[in-house]
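Here's the structure we're looking at; comments come further down.
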Amino acid sequence: MTTDNKNTDDKNVPESAPTDETRRKFLGATALLAGGGMAMGLVGCKNSGDSASGSASSGQSAAHGKFEVAPGKLDDYYIFSSAGHNGEVRIYGCPSGRTLKRIPVFNLDPMVGWGITNESKKIIGTKPDGSLKYTTGDTHHVHGSYTDGTYDSKYLWVNDKLNNRLARIRMDRMECDAITEIPNVQGFHGMFPDKRDPVDPAINHTTRVFCGAEFHTPQVNDGRDLRNPEKWFCLFTCIDAESMEVRWQVKVDGNMDLCATSYDGKLAAINQYNTENGSVLGEMMSAEHDAVLFINIARVEAAIKAGKSFTSGSSKVPVVDGTKKANPDPKTSLTCYVPIPKNPHGVNVSPDGKYFVASGKLSPTASVVETELVHKWFAGEIKDARECVVAEPEIGLGPLHTGFDGKGNAYTTLFLDSQIVKWNVAAAIAQFKGDKTAQPVVDRIDVHYQPGHGYTSMGETKEADGKYFNSGNKFSKDRFLPVGPLHSEAEQLIDITGNKMQLIHDHTAYPEPHDAIIVRADVVKTRQVSDMNDFPNAVKSSGDSRIERNGKKVNVYLTSEAPAFSLDEIAVKLGDEVTITLTNHDKVEDLTHGFGIERYNINFIVNPQETHSVTFKADKPGMFWIYCTHFCHALHLEMRSRFIVEA
Ligand code: CUK
Ligand code: CUA
Ligand code: CA
């Protein structure tokens with residue numbers, strides 16, 4: 001129990017949690033059960049001690065009060081988090097852990113009308129009959145656009161592992177504005193934007209987004225090779241950051257899990273846990289080493305320019321061959337496969353750009369790959385790609401993801417040990433070189449329980465500031481009030497400013513977040529009131545309110561201004577196809593109106609100066625109240641209109 005940071009001024013904060021020991025024992029006894037049938041889970045939770053660090057610091061911290069964000073005060077950081085199979089992106093405040101916003105992306109959300117309005121349906125994509133092509137997704141990784149090695153507050157991107165799409169969120173509005181489906185892949189998991197152009201140093205911002213794919217599939221997946229895994233393969237994909245069009249793909253050996261990019265813009269790296277190309281568990285765990293795959297971006301684009309590409313199926317996207325067989329000479333190779341033990345997970349870049357770190361997952365090690373040596377391998381100056389590994393410290397069981405503090409330390413989540421381990425990269429390199437006195441592990445802290453991702457404040461940028469580490473835990477068990485079989489997820493915020501890590505607090509998260517980034521609040525510039533001109537279908541004045549008929553198609557134009565809609569009645573005929581376009585004329589920040597039609601399943605909002613539209617069939621005769629669903633005014637309840645459908 002570390003209490004050197006305790007705030008004795010705050011009497012509300014307990015100095016220690018009396019139940020802490022109980023909790024750890026509880027975990028020890030139940031870890032086997034929690035692991036269920038998972039082979040990894042059976043290893044359970046070692047009550048780890050390390051000669052370099054003594055026993056792990058644990059449980060509650062008296063540091064909590066120091067980080068309290070008092071009422072009326074604002075957080076110092078945003079956390080942009082994926083939501084897993086809920087399909088959305090979430091924004092938390094840091095250090096408070098307060099949920100600030102949920103951004104619907106691949107899911108449906110009646111609060112904002114995502115998947116209901118015509119504008120959102122167009123972004124999600126529709127079938128010829130106008131219904132949504134997909135209504136569900138699985139988000140894992142959120143990353144921001146870069147300028148000069150740090151966030152520029154323009155875009156966020158997030159992957160959909162389920163339906164293999166990349167979505168973009170514009171950060172001024174914190175809304176999804178584009179979604180691209182990737183051809184010929186399944187299990188699109190890792191995603192990372194580039195940080196600058198690989199050839200033109202003047203382009204120092206993100207212009208590409210890279211996407212890995214975990215699952216091997218038949219190429220083309222049209223019914224051929226259904227049970228011939230030897231013919232299946234994975235494609236690495238590059239998507240244009242602005243147009244969101246797929247630029248190119250690379251055929252690779254093995255699979256692709258997480259993704260990271262170098263600060264010089266030249267490399268994308270992906271950890272591979274299935275270099276065996278196995279299709280069942282035993283096959284995927286058979287090799288001692290898998291790999292971190294490095295893609296040489298400039299060479300891939302040159303090969304495509306030179307016409308050395310092919311296409312697959314109905315996709316027009318150029319594909320080049322990045323397999324080992326097709327690239328025997330490092331000096332011209334599109335790819336470099338650096339051997340890493342064993343079924344590695346995660347790959348993260350140190351803020352100085354010098355190292356890529358991948359965790360062993362089934363090996364208790366983290367592997368440090370030096371960027372410069374990868375460049376040397378591509379230059380033909382190194383024979384064996386394994387020589388790019390400059391450290392491989394033993395850090396604990398089930399290592400997954402690593403964050404950095406910008407001071408030379410790495411923080412890795414240990415899924416099986418239920419710990420975060422802090423280790424020093426330089427010490428790990430010295431140890432690897434043979435220095436027996438070097439002790440890479442600096443500190444350990446217990447988390448509750450079994451962390452997946454962990455990430456540091458600004459840690460994916462050159463401005464990593466070493467203030468916070470957030471641990472995204474996969475099991476919460478006894479940490480919160482029970483709410484039935486589906487538990488809340490637990491995220492734990494850790495103070496990493498000192499030599500020893502200090503737990504600040506737990507906050508809940510609706511299942512189930514994966515990765516997130518912690519972004520300094522001053523970096524983020526949002527626009528709080530829209531410009532009516534940004535909406536091409538805006539109803540510019542309440543005087544423009546009208547109902548237009550064109551055969552069976554009826555167009556309704558109206559406005560909202562608290563506490564009234566501009567039309568008291570919207571009358572159509574049974575069987576009409578009705579499009580309602582609503583512009584909110586209120587200019588006051590936060591003055592949002594909702595638009596719901598009783599029994600017609602229509603429900604969306606318009607924020608100040610925004611326009612949205614819905615199209616539906618008037619298939620029930622009668623009088624249906626339209627009402628404002630979003631509390632806006634003392635006369636909010638009176639803010640109504642009527643939808644009349646004449647038989
Ligand atoms: S993966 Cu979740 S623990 Cu989808 Cu980022 Cu590593
Ligand atoms: Cu408008 Cu409530
Ligand atoms: Ca493997």
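Going through the structure tokens in order, the chains are called A, B, and so on, while each chain numbers its residues from 1 and the ligands are numbered from 1 in the order shown.
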
Open item on the list: Taking only C-alpha atoms and all ligand atoms and a cut-off of 7 Å, can you tell me which residues surround ligand 1, written as a ChimeraX atom specification?
Closed with: /A:140-141,189-190,258,345-346,400-401,452-453,514-515

Task: All strand (DSSP E) positions in range 352-454 of chain A, as a ChimeraX atom specification - done: /A:355-359,366-370,389-391,399-404,409-414,419-424,441-446,451-454

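One distance worth recording is that between CA of Thr217 in chain A and CA of Asn274 in chain A, which is 13.4 Å.
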
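By chain and then residue number, the residues within 6 Å of range 170-181 of chain A are Ile123, Ser153, Lys154, Tyr155, Asn164, Arg165, Leu166, Ala167, Arg168, Thr526 and Arg527 of chain A, counting only C-alpha atoms and disregarding those fewer than 2 positions away in sequence.
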
Could you take the residues named above and write them with all heavy atoms, as a JSON list (two decimals), in the first residue's frame?
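Okay, this is what ended up in part.json:
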[["chain", "number", "residue", "atom", "x", "y", "z"],
["A", 123, "ILE", "N", -24.93, 8.24, -44.26],
["A", 123, "ILE", "CA", -23.57, 7.96, -43.79],
["A", 123, "ILE", "C", -23.40, 6.47, -43.47],
["A", 123, "ILE", "O", -22.41, 5.85, -43.84],
["A", 123, "ILE", "CB", -23.24, 8.83, -42.55],
["A", 123, "ILE", "CG1", -23.14, 10.30, -42.97],
["A", 123, "ILE", "CG2", -21.93, 8.37, -41.90],
["A", 123, "ILE", "CD1", -23.16, 11.28, -41.80],
["A", 153, "SER", "N", -6.93, 17.78, -33.49],
["A", 153, "SER", "CA", -8.33, 18.03, -33.14],
["A", 153, "SER", "C", -9.25, 18.09, -34.36],
["A", 153, "SER", "O", -10.32, 18.67, -34.32],
["A", 153, "SER", "CB", -8.46, 19.33, -32.34],
["A", 153, "SER", "OG", -9.73, 19.46, -31.79],
["A", 154, "LYS", "N", -8.83, 17.47, -35.46],
["A", 154, "LYS", "CA", -9.68, 17.49, -36.65],
["A", 154, "LYS", "C", -10.59, 16.26, -36.69],
["A", 154, "LYS", "O", -11.80, 16.40, -36.76],
["A", 154, "LYS", "CB", -8.77, 17.55, -37.89],
["A", 154, "LYS", "CG", -9.49, 18.04, -39.12],
["A", 154, "LYS", "CD", -8.50, 18.29, -40.25],
["A", 154, "LYS", "CE", -9.27, 18.70, -41.50],
["A", 154, "LYS", "NZ", -8.46, 18.60, -42.71],
["A", 155, "TYR", "N", -9.99, 15.09, -36.69],
["A", 155, "TYR", "CA", -10.78, 13.87, -36.83],
["A", 155, "TYR", "C", -10.42, 12.84, -35.76],
["A", 155, "TYR", "O", -9.29, 12.80, -35.27],
["A", 155, "TYR", "CB", -10.52, 13.20, -38.18],
["A", 155, "TYR", "CG", -10.90, 13.99, -39.40],
["A", 155, "TYR", "CD1", -9.95, 14.24, -40.39],
["A", 155, "TYR", "CD2", -12.20, 14.46, -39.58],
["A", 155, "TYR", "CE1", -10.29, 14.95, -41.54],
["A", 155, "TYR", "CE2", -12.54, 15.17, -40.73],
["A", 155, "TYR", "CZ", -11.58, 15.41, -41.69],
["A", 155, "TYR", "OH", -11.90, 16.11, -42.82],
["A", 164, "ASN", "N", -16.54, -4.66, -40.73],
["A", 164, "ASN", "CA", -15.35, -4.26, -41.46],
["A", 164, "ASN", "C", -15.45, -2.88, -42.10],
["A", 164, "ASN", "O", -15.27, -2.69, -43.30],
["A", 164, "ASN", "CB", -14.98, -5.34, -42.49],
["A", 164, "ASN", "CG", -14.77, -6.66, -41.78],
["A", 164, "ASN", "OD1", -13.81, -6.82, -41.05],
["A", 164, "ASN", "ND2", -15.71, -7.57, -41.93],
["A", 165, "ARG", "N", -15.76, -1.92, -41.22],
["A", 165, "ARG", "CA", -15.87, -0.54, -41.69],
["A", 165, "ARG", "C", -14.96, 0.37, -40.85],
["A", 165, "ARG", "O", -14.70, 0.10, -39.68],
["A", 165, "ARG", "CB", -17.32, -0.06, -41.56],
["A", 165, "ARG", "CG", -18.27, -0.80, -42.51],
["A", 165, "ARG", "CD", -19.72, -0.50, -42.19],
["A", 165, "ARG", "NE", -20.10, -1.05, -40.91],
["A", 165, "ARG", "CZ", -21.25, -0.76, -40.28],
["A", 165, "ARG", "NH1", -22.10, 0.08, -40.84],
["A", 165, "ARG", "NH2", -21.52, -1.31, -39.12],
["A", 166, "LEU", "N", -14.54, 1.45, -41.49],
["A", 166, "LEU", "CA", -13.83, 2.52, -40.78],
["A", 166, "LEU", "C", -14.75, 3.72, -40.74],
["A", 166, "LEU", "O", -15.29, 4.13, -41.77],
["A", 166, "LEU", "CB", -12.53, 2.88, -41.52],
["A", 166, "LEU", "CG", -11.74, 4.03, -40.86],
["A", 166, "LEU", "CD1", -11.05, 3.54, -39.60],
["A", 166, "LEU", "CD2", -10.72, 4.62, -41.83],
["A", 167, "ALA", "N", -14.93, 4.29, -39.55],
["A", 167, "ALA", "CA", -15.76, 5.49, -39.42],
["A", 167, "ALA", "C", -14.88, 6.66, -39.02],
["A", 167, "ALA", "O", -13.87, 6.51, -38.32],
["A", 167, "ALA", "CB", -16.84, 5.29, -38.37],
["A", 168, "ARG", "N", -15.29, 7.84, -39.47],
["A", 168, "ARG", "CA", -14.60, 9.07, -39.10],
["A", 168, "ARG", "C", -15.56, 9.94, -38.30],
["A", 168, "ARG", "O", -16.75, 10.03, -38.61],
["A", 168, "ARG", "CB", -14.15, 9.80, -40.37],
["A", 168, "ARG", "CG", -13.34, 11.05, -40.08],
["A", 168, "ARG", "CD", -12.81, 11.69, -41.35],
["A", 168, "ARG", "NE", -13.89, 12.28, -42.13],
["A", 168, "ARG", "CZ", -13.74, 12.76, -43.37],
["A", 168, "ARG", "NH1", -12.57, 12.69, -43.95],
["A", 168, "ARG", "NH2", -14.76, 13.29, -44.00],
["A", 526, "THR", "N", -14.12, 22.52, -30.02],
["A", 526, "THR", "CA", -15.44, 22.17, -30.56],
["A", 526, "THR", "C", -16.21, 23.42, -30.93],
["A", 526, "THR", "O", -15.92, 24.51, -30.46],
["A", 526, "THR", "CB", -16.28, 21.37, -29.55],
["A", 526, "THR", "OG1", -16.50, 22.18, -28.40],
["A", 526, "THR", "CG2", -15.60, 20.09, -29.16],
["A", 527, "ARG", "N", -17.21, 23.21, -31.77],
["A", 527, "ARG", "CA", -18.09, 24.29, -32.16],
["A", 527, "ARG", "C", -19.42, 24.01, -31.46],
["A", 527, "ARG", "O", -20.00, 22.95, -31.63],
["A", 527, "ARG", "CB", -18.24, 24.21, -33.67],
["A", 527, "ARG", "CG", -19.19, 25.17, -34.19],
["A", 527, "ARG", "CD", -19.08, 25.18, -35.71],
["A", 527, "ARG", "NE", -19.78, 26.35, -36.15],
["A", 527, "ARG", "CZ", -19.56, 26.95, -37.28],
["A", 527, "ARG", "NH1", -18.65, 26.49, -38.10],
["A", 527, "ARG", "NH2", -20.26, 28.00, -37.59]]

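In this comparison, which uses only C-alpha atoms, the residue of A:Val185, A:Ile570, A:Ile340, A:Val369 approaching Gly313 in chain A most closely is A:Val185.
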
Open item on the list: Show me which residues are within 12 Å of ligand 3 counting only C-alpha atoms and all ligand atoms, and format the list as a count of residues only.
Closed with: 37

Open item on the list: I need the residues of range 85-128 of chain A that end up classed as alpha helix (DSSP H) by DSSP on the backbone, written out as a PyMOL selection string.
Closed with: chain A and resi 118-124

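The shortest atom-to-atom distance to ligand 2, with only C-alpha atoms and all ligand atoms taken into account, belongs to A:Val606 out of A:Val606, A:Ala618, A:Ala428, A:Ala241.
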
Could you make a table, as CSV, of the residues of chain A that have an atom within 9 Å of an atom of ligand 2, each with its nearest atom pair and distance in Å to one decimal, counting only C-alpha atoms and all ligand atoms, in chain and number order?
residue,atom,partner,partner_atom_place_in_ligand_line,distance
A:Ser560,CA,ligand 2,1 (Cu),7.3
A:Glu561,CA,ligand 2,1 (Cu),7.4
A:Ala562,CA,ligand 2,1 (Cu),5.5
A:Pro563,CA,ligand 2,1 (Cu),5.5
A:Ala564,CA,ligand 2,1 (Cu),6.9
A:Phe565,CA,ligand 2,1 (Cu),8.1
A:Leu591,CA,ligand 2,1 (Cu),8.0
A:Thr592,CA,ligand 2,1 (Cu),6.7
A:His593,CA,ligand 2,1 (Cu),4.1
A:Gly594,CA,ligand 2,1 (Cu),6.0
A:Phe595,CA,ligand 2,1 (Cu),8.1
A:Tyr627,CA,ligand 2,2 (Cu),7.8
A:Cys628,CA,ligand 2,2 (Cu),4.4
A:Thr629,CA,ligand 2,2 (Cu),5.7
A:His630,CA,ligand 2,2 (Cu),4.4
A:Phe631,CA,ligand 2,2 (Cu),4.0
A:Cys632,CA,ligand 2,2 (Cu),4.0
A:His633,CA,ligand 2,2 (Cu),6.1
A:Ala634,CA,ligand 2,2 (Cu),8.6
A:Leu635,CA,ligand 2,2 (Cu),7.6
A:His636,CA,ligand 2,2 (Cu),4.0
A:Leu637,CA,ligand 2,2 (Cu),6.6
A:Glu638,CA,ligand 2,2 (Cu),8.3
A:Met639,CA,ligand 2,1 (Cu),5.8
A:Arg640,CA,ligand 2,1 (Cu),8.4

For the residues in the current selection, export C-alpha atoms as a PDB file, in the first residue's frame.
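To be explicit, this is the file written out as result26.pdb:
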ATOM      1  CA  SER A 560     -38.560  24.942 -34.449  1.00  0.00           C
ATOM      2  CA  GLU A 561     -38.127  27.891 -32.113  1.00  0.00           C
ATOM      3  CA  ALA A 562     -38.815  27.402 -28.423  1.00  0.00           C
ATOM      4  CA  PRO A 563     -41.511  26.618 -27.506  1.00  0.00           C
ATOM      5  CA  ALA A 564     -43.184  25.979 -30.882  1.00  0.00           C
ATOM      6  CA  PHE A 565     -42.941  24.232 -34.224  1.00  0.00           C
ATOM      7  CA  LEU A 591     -31.139  24.733 -26.911  1.00  0.00           C
ATOM      8  CA  THR A 592     -31.941  21.470 -28.631  1.00  0.00           C
ATOM      9  CA  HIS A 593     -35.410  20.326 -29.698  1.00  0.00           C
ATOM     10  CA  GLY A 594     -36.646  16.820 -30.277  1.00  0.00           C
ATOM     11  CA  PHE A 595     -39.179  15.666 -32.843  1.00  0.00           C
ATOM     12  CA  TYR A 627     -44.139  16.493 -29.604  1.00  0.00           C
ATOM     13  CA  CYS A 628     -40.772  17.877 -28.613  1.00  0.00           C
ATOM     14  CA  THR A 629     -38.835  15.045 -26.942  1.00  0.00           C
ATOM     15  CA  HIS A 630     -35.934  17.150 -25.634  1.00  0.00           C
ATOM     16  CA  PHE A 631     -36.564  19.406 -22.650  1.00  0.00           C
ATOM     17  CA  CYS A 632     -36.078  22.910 -24.023  1.00  0.00           C
ATOM     18  CA  HIS A 633     -38.261  25.494 -22.330  1.00  0.00           C
ATOM     19  CA  ALA A 634     -40.771  26.055 -19.531  1.00  0.00           C
ATOM     20  CA  LEU A 635     -43.398  25.297 -22.189  1.00  0.00           C
ATOM     21  CA  HIS A 636     -41.581  22.212 -23.479  1.00  0.00           C
ATOM     22  CA  LEU A 637     -44.635  20.039 -22.887  1.00  0.00           C
ATOM     23  CA  GLU A 638     -46.742  22.444 -24.911  1.00  0.00           C
ATOM     24  CA  MET A 639     -44.326  22.292 -27.859  1.00  0.00           C
ATOM     25  CA  ARG A 640     -46.443  20.143 -30.145  1.00  0.00           C
TER      26      ARG A 640
END

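The spacing separating CA of Glu381 in chain A from CA of Ser359 in chain A amounts to 26.2 Å.
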
TODO: Do a neighbour search on Cys238 in chain A at 6 Å with only C-alpha atoms, toss out local chain neighbours closer than 4 positions, and write the hits as an MDAnalysis selection string.
DONE: chainID A and resid 209:210 247:248

Per residue of range 428-513 of chain A within 8 Å of range 349-352 of chain A, what are the shortest atom pair and its distance in Å to one decimal, counting only C-alpha atoms, with rows by chain and residue number, as CSV?
residue,atom,partner,partner_atom,distance
A:Gly459,CA,A:Pro351,CA,6.7
A:Glu460,CA,A:Pro351,CA,6.5
A:Thr461,CA,A:Pro351,CA,5.7
A:Lys462,CA,A:Pro351,CA,4.5
A:Glu463,CA,A:Pro351,CA,7.1
A:Ala464,CA,A:Pro351,CA,6.3

Given the selection you just returned, output its residues as a file containing all heavy atoms, formatted as a tab-separated table (two decimals), in the first residue's frame.
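So selection.tsv came out as:
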chain	number	residue	atom	x	y	z
A	459	GLY	N	-0.24	9.85	-24.63
A	459	GLY	CA	0.80	8.84	-24.77
A	459	GLY	C	1.05	8.36	-26.19
A	459	GLY	O	2.09	7.77	-26.47
A	460	GLU	N	0.09	8.57	-27.10
A	460	GLU	CA	0.29	8.16	-28.49
A	460	GLU	C	0.83	9.32	-29.32
A	460	GLU	O	0.75	9.30	-30.54
A	460	GLU	CB	-1.04	7.67	-29.10
A	460	GLU	CG	-1.65	6.47	-28.39
A	460	GLU	CD	-1.08	5.13	-28.84
A	460	GLU	OE1	-0.06	5.13	-29.56
A	460	GLU	OE2	-1.66	4.10	-28.48
A	461	THR	N	1.33	10.37	-28.64
A	461	THR	CA	1.87	11.53	-29.35
A	461	THR	C	3.26	11.84	-28.82
A	461	THR	O	3.66	11.33	-27.77
A	461	THR	CB	1.00	12.79	-29.15
A	461	THR	OG1	1.24	13.32	-27.84
A	461	THR	CG2	-0.48	12.48	-29.30
A	462	LYS	N	3.96	12.74	-29.52
A	462	LYS	CA	5.28	13.15	-29.03
A	462	LYS	C	5.15	14.06	-27.80
A	462	LYS	O	6.14	14.42	-27.20
A	462	LYS	CB	6.07	13.85	-30.14
A	462	LYS	CG	5.48	15.16	-30.58
A	462	LYS	CD	6.39	15.84	-31.60
A	462	LYS	CE	5.98	17.30	-31.78
A	462	LYS	NZ	6.73	17.96	-32.83
A	463	GLU	N	3.90	14.43	-27.46
A	463	GLU	CA	3.66	15.26	-26.27
A	463	GLU	C	3.22	14.44	-25.05
A	463	GLU	O	2.59	14.99	-24.14
A	463	GLU	CB	2.61	16.33	-26.58
A	463	GLU	CG	3.05	17.32	-27.63
A	463	GLU	CD	2.05	18.45	-27.81
A	463	GLU	OE1	0.86	18.17	-28.10
A	463	GLU	OE2	2.45	19.61	-27.68
A	464	ALA	N	3.56	13.17	-25.03
A	464	ALA	CA	3.24	12.33	-23.87
A	464	ALA	C	3.70	13.05	-22.61
A	464	ALA	O	4.84	13.50	-22.54
A	464	ALA	CB	3.95	10.99	-24.00

TODO: List the neighbours of Ser566 in chain A out to 9 Å using only C-alpha atoms; skip same-chain residues closer than 2 positions along the sequence, and give me the result as a count of residues only.
DONE: 10

Open item on the list: Applying 10 Å and only C-alpha atoms, which residues near Thr371 in chain A remain after dropping the ones on its own chain fewer than 2 positions away? List them as a ChimeraX atom specification.
Closed with: /A:262-264,267,294,349,353-356,368-369,373-377,388-389

Could those selected residues go to a file with C-alpha atoms, as a PDB file, in the first residue's frame?
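So part_24.pdb came out as:
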ATOM      1  CA  SER A 262       6.069   5.565 -36.975  1.00  0.00           C
ATOM      2  CA  TYR A 263       6.589   9.274 -36.387  1.00  0.00           C
ATOM      3  CA  ASP A 264       8.507   9.595 -39.676  1.00  0.00           C
ATOM      4  CA  LEU A 267       6.222   2.536 -41.378  1.00  0.00           C
ATOM      5  CA  PHE A 294       6.255  -3.666 -40.839  1.00  0.00           C
ATOM      6  CA  VAL A 349       5.240   3.379 -30.385  1.00  0.00           C
ATOM      7  CA  GLY A 353       9.524   7.483 -32.128  1.00  0.00           C
ATOM      8  CA  LYS A 354      12.503   5.215 -31.457  1.00  0.00           C
ATOM      9  CA  TYR A 355      10.774   1.997 -30.462  1.00  0.00           C
ATOM     10  CA  PHE A 356       7.785  -0.220 -31.202  1.00  0.00           C
ATOM     11  CA  VAL A 368      11.199  -3.740 -28.068  1.00  0.00           C
ATOM     12  CA  VAL A 369      11.842  -3.218 -31.779  1.00  0.00           C
ATOM     13  CA  LEU A 373      17.002  -1.063 -37.251  1.00  0.00           C
ATOM     14  CA  VAL A 374      13.841  -1.773 -39.235  1.00  0.00           C
ATOM     15  CA  HIS A 375      14.938   0.924 -41.672  1.00  0.00           C
ATOM     16  CA  LYS A 376      18.354  -0.752 -41.784  1.00  0.00           C
ATOM     17  CA  TRP A 377      16.730  -4.103 -42.540  1.00  0.00           C
ATOM     18  CA  CYS A 388      15.665  -5.449 -34.926  1.00  0.00           C
ATOM     19  CA  VAL A 389      14.638  -6.559 -31.409  1.00  0.00           C
TER      20      VAL A 389
END

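With only C-alpha atoms as the atoms that count, the residue of A:Val519, A:Cys259, A:Val320, A:Ile295 with the shortest distance to Tyr146 in chain A is A:Val519.
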
- [ ] Excluding Glu589 in chain A and residues on its chain fewer than 4 positions from it, collect all residues at most 7 Å away from it, counting only C-alpha atoms, and give them as a list of chain:residue names.
- [x] A:Gln528, A:Val529, A:Pro608
